[in-house]
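Asker: My structure is below; once you've seen it, I'll send some questions.
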Amino acid sequence: MQTFKEKVLQVVSKIPKGTTLTYKQVAEKAGSPKACRAVGSIISKNYDPKIPCHRVIRSDGKIGNYNRGQDKKIKLLKSEGAI
DNA sequence: TAGTTGACCGGAA
DNA sequence: ATTCCGGCCAACT
């Protein structure tokens, strides 16, 4: 059992290729469905190449933000077939 | 320690 | 459909 931050990173790192999860879904899997905001904060600060944070999008179906730029995120999702 | 901020979400106008 | 407001959680100052 780890902290919420660790759990979130773990969940995100377990996202299969070509699959996109919403921040709320990640928060729910992490144990706090209402921590969707915290998830964004944690991921944004946790700059790690092992964490495919580009597979995490908003519930509205929008891309949201990304530490490398939304353009990179969109390209990655398109490359993986998530689009 | 307390206050503010942020890669969000859902509902209301 | 778009815009505004409140709420929840973690991190930063």
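Residue numbering restarts at 1 for every chain of the structure tokens, chains are lettered A, B, ... in their displayed order, and ligands are numbered from 1 as they appear.
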Excluding Ala38 in chain A and its own-chain neighbours fewer than 2 positions away, which residues fall within 9 Å of it when counting only C-alpha atoms (C1' of nucleotides)? Please give them as a ChimeraX atom specification.

Answerer: /A:5,27,34-36,40-43 /B:6,8 /C:8-11

Asker: Those selected residues, please, written with N, CA and C atoms (P, O5', C5', C4', C3', O3' and C1' of nucleotides) and delivered as a PDB file, in the first residue's frame.

Answerer:
```pdb
ATOM      1  N   LYS A   5      -0.341   9.383  -4.380  1.00  0.00           N
ATOM      2  CA  LYS A   5       0.534   9.752  -5.501  1.00  0.00           C
ATOM      3  C   LYS A   5       1.137   8.497  -6.137  1.00  0.00           C
ATOM      4  N   ALA A  27      -8.259   8.368 -10.839  1.00  0.00           N
ATOM      5  CA  ALA A  27      -8.472   8.695  -9.421  1.00  0.00           C
ATOM      6  C   ALA A  27      -9.284   7.593  -8.747  1.00  0.00           C
ATOM      7  N   LYS A  34     -12.902  11.261  -6.304  1.00  0.00           N
ATOM      8  CA  LYS A  34     -13.057  12.723  -6.354  1.00  0.00           C
ATOM      9  C   LYS A  34     -11.726  13.437  -6.424  1.00  0.00           C
ATOM     10  N   ALA A  35     -10.663  12.691  -6.445  1.00  0.00           N
ATOM     11  CA  ALA A  35      -9.332  13.311  -6.483  1.00  0.00           C
ATOM     12  C   ALA A  35      -8.851  13.534  -7.910  1.00  0.00           C
ATOM     13  N   CYS A  36      -9.795  13.690  -8.831  1.00  0.00           N
ATOM     14  CA  CYS A  36      -9.434  13.865 -10.238  1.00  0.00           C
ATOM     15  C   CYS A  36      -8.492  15.050 -10.386  1.00  0.00           C
ATOM     16  N   GLY A  40      -4.278  15.160 -11.630  1.00  0.00           N
ATOM     17  CA  GLY A  40      -3.634  16.041 -12.606  1.00  0.00           C
ATOM     18  C   GLY A  40      -2.421  16.718 -12.011  1.00  0.00           C
ATOM     19  N   SER A  41      -2.554  17.210 -10.800  1.00  0.00           N
ATOM     20  CA  SER A  41      -1.435  17.892 -10.147  1.00  0.00           C
ATOM     21  C   SER A  41      -0.253  16.956  -9.963  1.00  0.00           C
ATOM     22  N   ILE A  42      -0.534  15.760  -9.478  1.00  0.00           N
ATOM     23  CA  ILE A  42       0.528  14.780  -9.232  1.00  0.00           C
ATOM     24  C   ILE A  42       1.253  14.414 -10.520  1.00  0.00           C
ATOM     25  N   ILE A  43       0.496  14.036 -11.526  1.00  0.00           N
ATOM     26  CA  ILE A  43       1.089  13.627 -12.799  1.00  0.00           C
ATOM     27  C   ILE A  43       1.885  14.769 -13.423  1.00  0.00           C
TER      28      ILE A  43
ATOM     29  P    DG B   6      -2.265  28.340 -11.184  1.00  0.00           P
ATOM     30  O5'  DG B   6      -2.470  26.758 -11.389  1.00  0.00           O
ATOM     31  C5'  DG B   6      -1.364  25.881 -11.217  1.00  0.00           C
ATOM     32  C4'  DG B   6      -1.805  24.434 -11.429  1.00  0.00           C
ATOM     33  C3'  DG B   6      -2.743  24.257 -12.630  1.00  0.00           C
ATOM     34  O3'  DG B   6      -2.355  23.132 -13.427  1.00  0.00           O
ATOM     35  C1'  DG B   6      -3.748  23.403 -10.655  1.00  0.00           C
ATOM     36  P    DC B   8      -7.059  19.883 -16.587  1.00  0.00           P
ATOM     37  O5'  DC B   8      -7.825  19.093 -15.444  1.00  0.00           O
ATOM     38  C5'  DC B   8      -7.504  17.763 -15.113  1.00  0.00           C
ATOM     39  C4'  DC B   8      -8.692  17.080 -14.474  1.00  0.00           C
ATOM     40  C3'  DC B   8      -9.932  17.084 -15.378  1.00  0.00           C
ATOM     41  O3'  DC B   8     -10.629  15.848 -15.299  1.00  0.00           O
ATOM     42  C1'  DC B   8     -10.397  18.198 -13.340  1.00  0.00           C
TER      43       DC B   8
ATOM     44  P    DC C   8     -16.720  18.769  -1.018  1.00  0.00           P
ATOM     45  O5'  DC C   8     -15.728  17.581  -1.295  1.00  0.00           O
ATOM     46  C5'  DC C   8     -15.737  16.796  -2.473  1.00  0.00           C
ATOM     47  C4'  DC C   8     -14.349  16.525  -3.038  1.00  0.00           C
ATOM     48  C3'  DC C   8     -13.233  16.457  -1.993  1.00  0.00           C
ATOM     49  O3'  DC C   8     -12.689  15.152  -1.940  1.00  0.00           O
ATOM     50  C1'  DC C   8     -12.580  17.746  -3.910  1.00  0.00           C
ATOM     51  P    DC C   9     -11.734  14.771  -0.734  1.00  0.00           P
ATOM     52  O5'  DC C   9     -10.294  14.885  -1.409  1.00  0.00           O
ATOM     53  C5'  DC C   9      -9.945  14.015  -2.468  1.00  0.00           C
ATOM     54  C4'  DC C   9      -8.535  14.301  -2.959  1.00  0.00           C
ATOM     55  C3'  DC C   9      -7.516  14.456  -1.822  1.00  0.00           C
ATOM     56  O3'  DC C   9      -6.381  13.653  -2.075  1.00  0.00           O
ATOM     57  C1'  DC C   9      -7.430  16.331  -3.278  1.00  0.00           C
ATOM     58  P    DA C  10      -5.306  13.486  -0.915  1.00  0.00           P
ATOM     59  O5'  DA C  10      -4.058  14.161  -1.643  1.00  0.00           O
ATOM     60  C5'  DA C  10      -3.645  13.657  -2.895  1.00  0.00           C
ATOM     61  C4'  DA C  10      -2.609  14.578  -3.547  1.00  0.00           C
ATOM     62  C3'  DA C  10      -1.400  14.848  -2.643  1.00  0.00           C
ATOM     63  O3'  DA C  10      -0.213  14.763  -3.411  1.00  0.00           O
ATOM     64  C1'  DA C  10      -2.422  16.897  -3.294  1.00  0.00           C
ATOM     65  P    DA C  11       1.189  14.908  -2.703  1.00  0.00           P
ATOM     66  O5'  DA C  11       1.639  16.338  -3.238  1.00  0.00           O
ATOM     67  C5'  DA C  11       1.764  16.534  -4.638  1.00  0.00           C
ATOM     68  C4'  DA C  11       2.168  17.985  -4.956  1.00  0.00           C
ATOM     69  C3'  DA C  11       3.415  18.441  -4.200  1.00  0.00           C
ATOM     70  O3'  DA C  11       4.268  19.156  -5.081  1.00  0.00           O
ATOM     71  C1'  DA C  11       1.610  19.920  -3.769  1.00  0.00           C
TER      72       DA C  11
END
```

Asker: As a ChimeraX atom specification, which residues of chain A does DSSP assign to strand (DSSP E)?

Answerer: /A:21-22,56-57

Asker: Atoms to include: all heavy atoms. Write the selected residues as a short mmCIF file (atom, residue, chain, number, x, y, z; two decimals), in the first residue's frame.

Answerer:
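Output file selection_22.cif is given in full below:
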```
data_model
loop_
_atom_site.label_atom_id
_atom_site.label_comp_id
_atom_site.auth_asym_id
_atom_site.auth_seq_id
_atom_site.Cartn_x
_atom_site.Cartn_y
_atom_site.Cartn_z
N LEU A 21 -7.48 6.66 -20.47
CA LEU A 21 -8.31 6.74 -19.26
C LEU A 21 -8.50 8.20 -18.88
O LEU A 21 -7.62 9.02 -19.09
CB LEU A 21 -7.62 5.99 -18.12
CG LEU A 21 -7.61 4.46 -18.28
CD1 LEU A 21 -6.81 3.83 -17.16
CD2 LEU A 21 -9.04 3.94 -18.24
N THR A 22 -9.62 8.48 -18.25
CA THR A 22 -9.87 9.86 -17.82
C THR A 22 -9.26 10.04 -16.43
O THR A 22 -9.02 9.08 -15.71
CB THR A 22 -11.38 10.13 -17.77
OG1 THR A 22 -11.97 9.33 -16.76
CG2 THR A 22 -12.03 9.83 -19.10
N VAL A 56 -3.76 9.71 -20.44
CA VAL A 56 -4.78 10.21 -19.51
C VAL A 56 -5.40 11.47 -20.10
O VAL A 56 -4.71 12.46 -20.34
CB VAL A 56 -4.16 10.51 -18.15
CG1 VAL A 56 -5.24 10.89 -17.14
CG2 VAL A 56 -3.39 9.30 -17.64
N ILE A 57 -6.69 11.41 -20.35
CA ILE A 57 -7.40 12.55 -20.95
C ILE A 57 -8.55 13.00 -20.06
O ILE A 57 -8.81 12.41 -19.03
CB ILE A 57 -7.95 12.17 -22.33
CG1 ILE A 57 -8.94 11.01 -22.19
CG2 ILE A 57 -6.82 11.82 -23.27
CD1 ILE A 57 -9.65 10.68 -23.48
#
```

Asker: Set the distance at 12 Å and use only C-alpha atoms (C1' of nucleotides): which residues neighbour Leu76 in chain A once local chain neighbours fewer than 2 positions away are removed? I'd like the list as a ChimeraX atom specification.

Answerer: /A:17-20,52-56,63,66,68-74,78-83

Asker: To one decimal place, how far is CA of Lys24 in chain A from CA of Leu77 in chain A in Å?

Answerer: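 The value is 18.6 Å.
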
Asker: Give the helix (DSSP H, G or I) residues of chain A, as DSSP finds them on the backbone, and put them as a ChimeraX atom specification.

Answerer: /A:4-13,23-30,36-45,53-55,70-80

Asker: List as a PyMOL selection string the protein and nucleic acid residues near DC5 in chain C, meaning an atom at most 12 Å away when only C-alpha atoms (C1' of nucleotides) are counted, but skip any in the same chain fewer than 2 places from it.

Answerer: (chain B and resi 10-13) or (chain C and resi 3+7)

Asker: Could those selected residues go to a file with N, CA, C and O atoms (P, O5', C5', C4', C3', O3' and C1' of nucleotides), as an mmCIF file, in the first residue's frame?

Answerer:
```
data_model
loop_
_atom_site.group_PDB
_atom_site.id
_atom_site.type_symbol
_atom_site.label_atom_id
_atom_site.label_comp_id
_atom_site.auth_asym_id
_atom_site.auth_seq_id
_atom_site.Cartn_x
_atom_site.Cartn_y
_atom_site.Cartn_z
ATOM 1 P P DG B 10 -17.830 13.846 -14.538
ATOM 2 O "O5'" DG B 10 -19.007 14.693 -13.863
ATOM 3 C "C5'" DG B 10 -19.175 14.658 -12.456
ATOM 4 C "C4'" DG B 10 -20.215 15.683 -12.045
ATOM 5 C "C3'" DG B 10 -21.388 15.742 -13.015
ATOM 6 O "O3'" DG B 10 -22.609 15.654 -12.294
ATOM 7 C "C1'" DG B 10 -20.413 17.911 -12.750
ATOM 8 P P DG B 11 -23.994 15.663 -13.136
ATOM 9 O "O5'" DG B 11 -24.622 17.073 -12.697
ATOM 10 C "C5'" DG B 11 -24.580 17.463 -11.327
ATOM 11 C "C4'" DG B 11 -24.863 18.960 -11.185
ATOM 12 C "C3'" DG B 11 -26.123 19.397 -11.942
ATOM 13 O "O3'" DG B 11 -26.856 20.308 -11.144
ATOM 14 C "C1'" DG B 11 -24.271 20.672 -12.645
ATOM 15 P P DA B 12 -28.372 20.725 -11.667
ATOM 16 O "O5'" DA B 12 -28.164 22.293 -11.961
ATOM 17 C "C5'" DA B 12 -27.691 23.147 -10.927
ATOM 18 C "C4'" DA B 12 -27.433 24.556 -11.466
ATOM 19 C "C3'" DA B 12 -28.611 25.144 -12.248
ATOM 20 O "O3'" DA B 12 -28.755 26.519 -11.925
ATOM 21 C "C1'" DA B 12 -26.673 25.107 -13.605
ATOM 22 P P DA B 13 -30.039 27.332 -12.516
ATOM 23 O "O5'" DA B 13 -29.345 28.347 -13.537
ATOM 24 C "C5'" DA B 13 -28.273 29.172 -13.114
ATOM 25 C "C4'" DA B 13 -27.891 30.148 -14.215
ATOM 26 C "C3'" DA B 13 -29.085 30.685 -15.002
ATOM 27 O "O3'" DA B 13 -28.872 32.052 -15.354
ATOM 28 C "C1'" DA B 13 -27.633 29.494 -16.459
ATOM 29 P P DT C 3 -17.475 29.579 -24.690
ATOM 30 O "O5'" DT C 3 -18.045 30.021 -23.254
ATOM 31 C "C5'" DT C 3 -19.080 30.993 -23.193
ATOM 32 C "C4'" DT C 3 -19.523 31.225 -21.753
ATOM 33 C "C3'" DT C 3 -18.360 31.337 -20.755
ATOM 34 O "O3'" DT C 3 -18.593 32.422 -19.858
ATOM 35 C "C1'" DT C 3 -19.875 29.651 -20.057
ATOM 36 P P DG C 7 -19.258 24.539 -2.383
ATOM 37 O "O5'" DG C 7 -18.505 23.194 -2.855
ATOM 38 C "C5'" DG C 7 -19.252 22.157 -3.490
ATOM 39 C "C4'" DG C 7 -18.360 20.954 -3.805
ATOM 40 C "C3'" DG C 7 -17.329 20.668 -2.698
ATOM 41 O "O3'" DG C 7 -17.265 19.268 -2.468
ATOM 42 C "C1'" DG C 7 -16.231 21.012 -4.769
#
```

Asker: What is the distance between CA of Lys29 in chain A and CA of Asn46 in chain A, in Å to one decimal?

Answerer: 18.1 Å
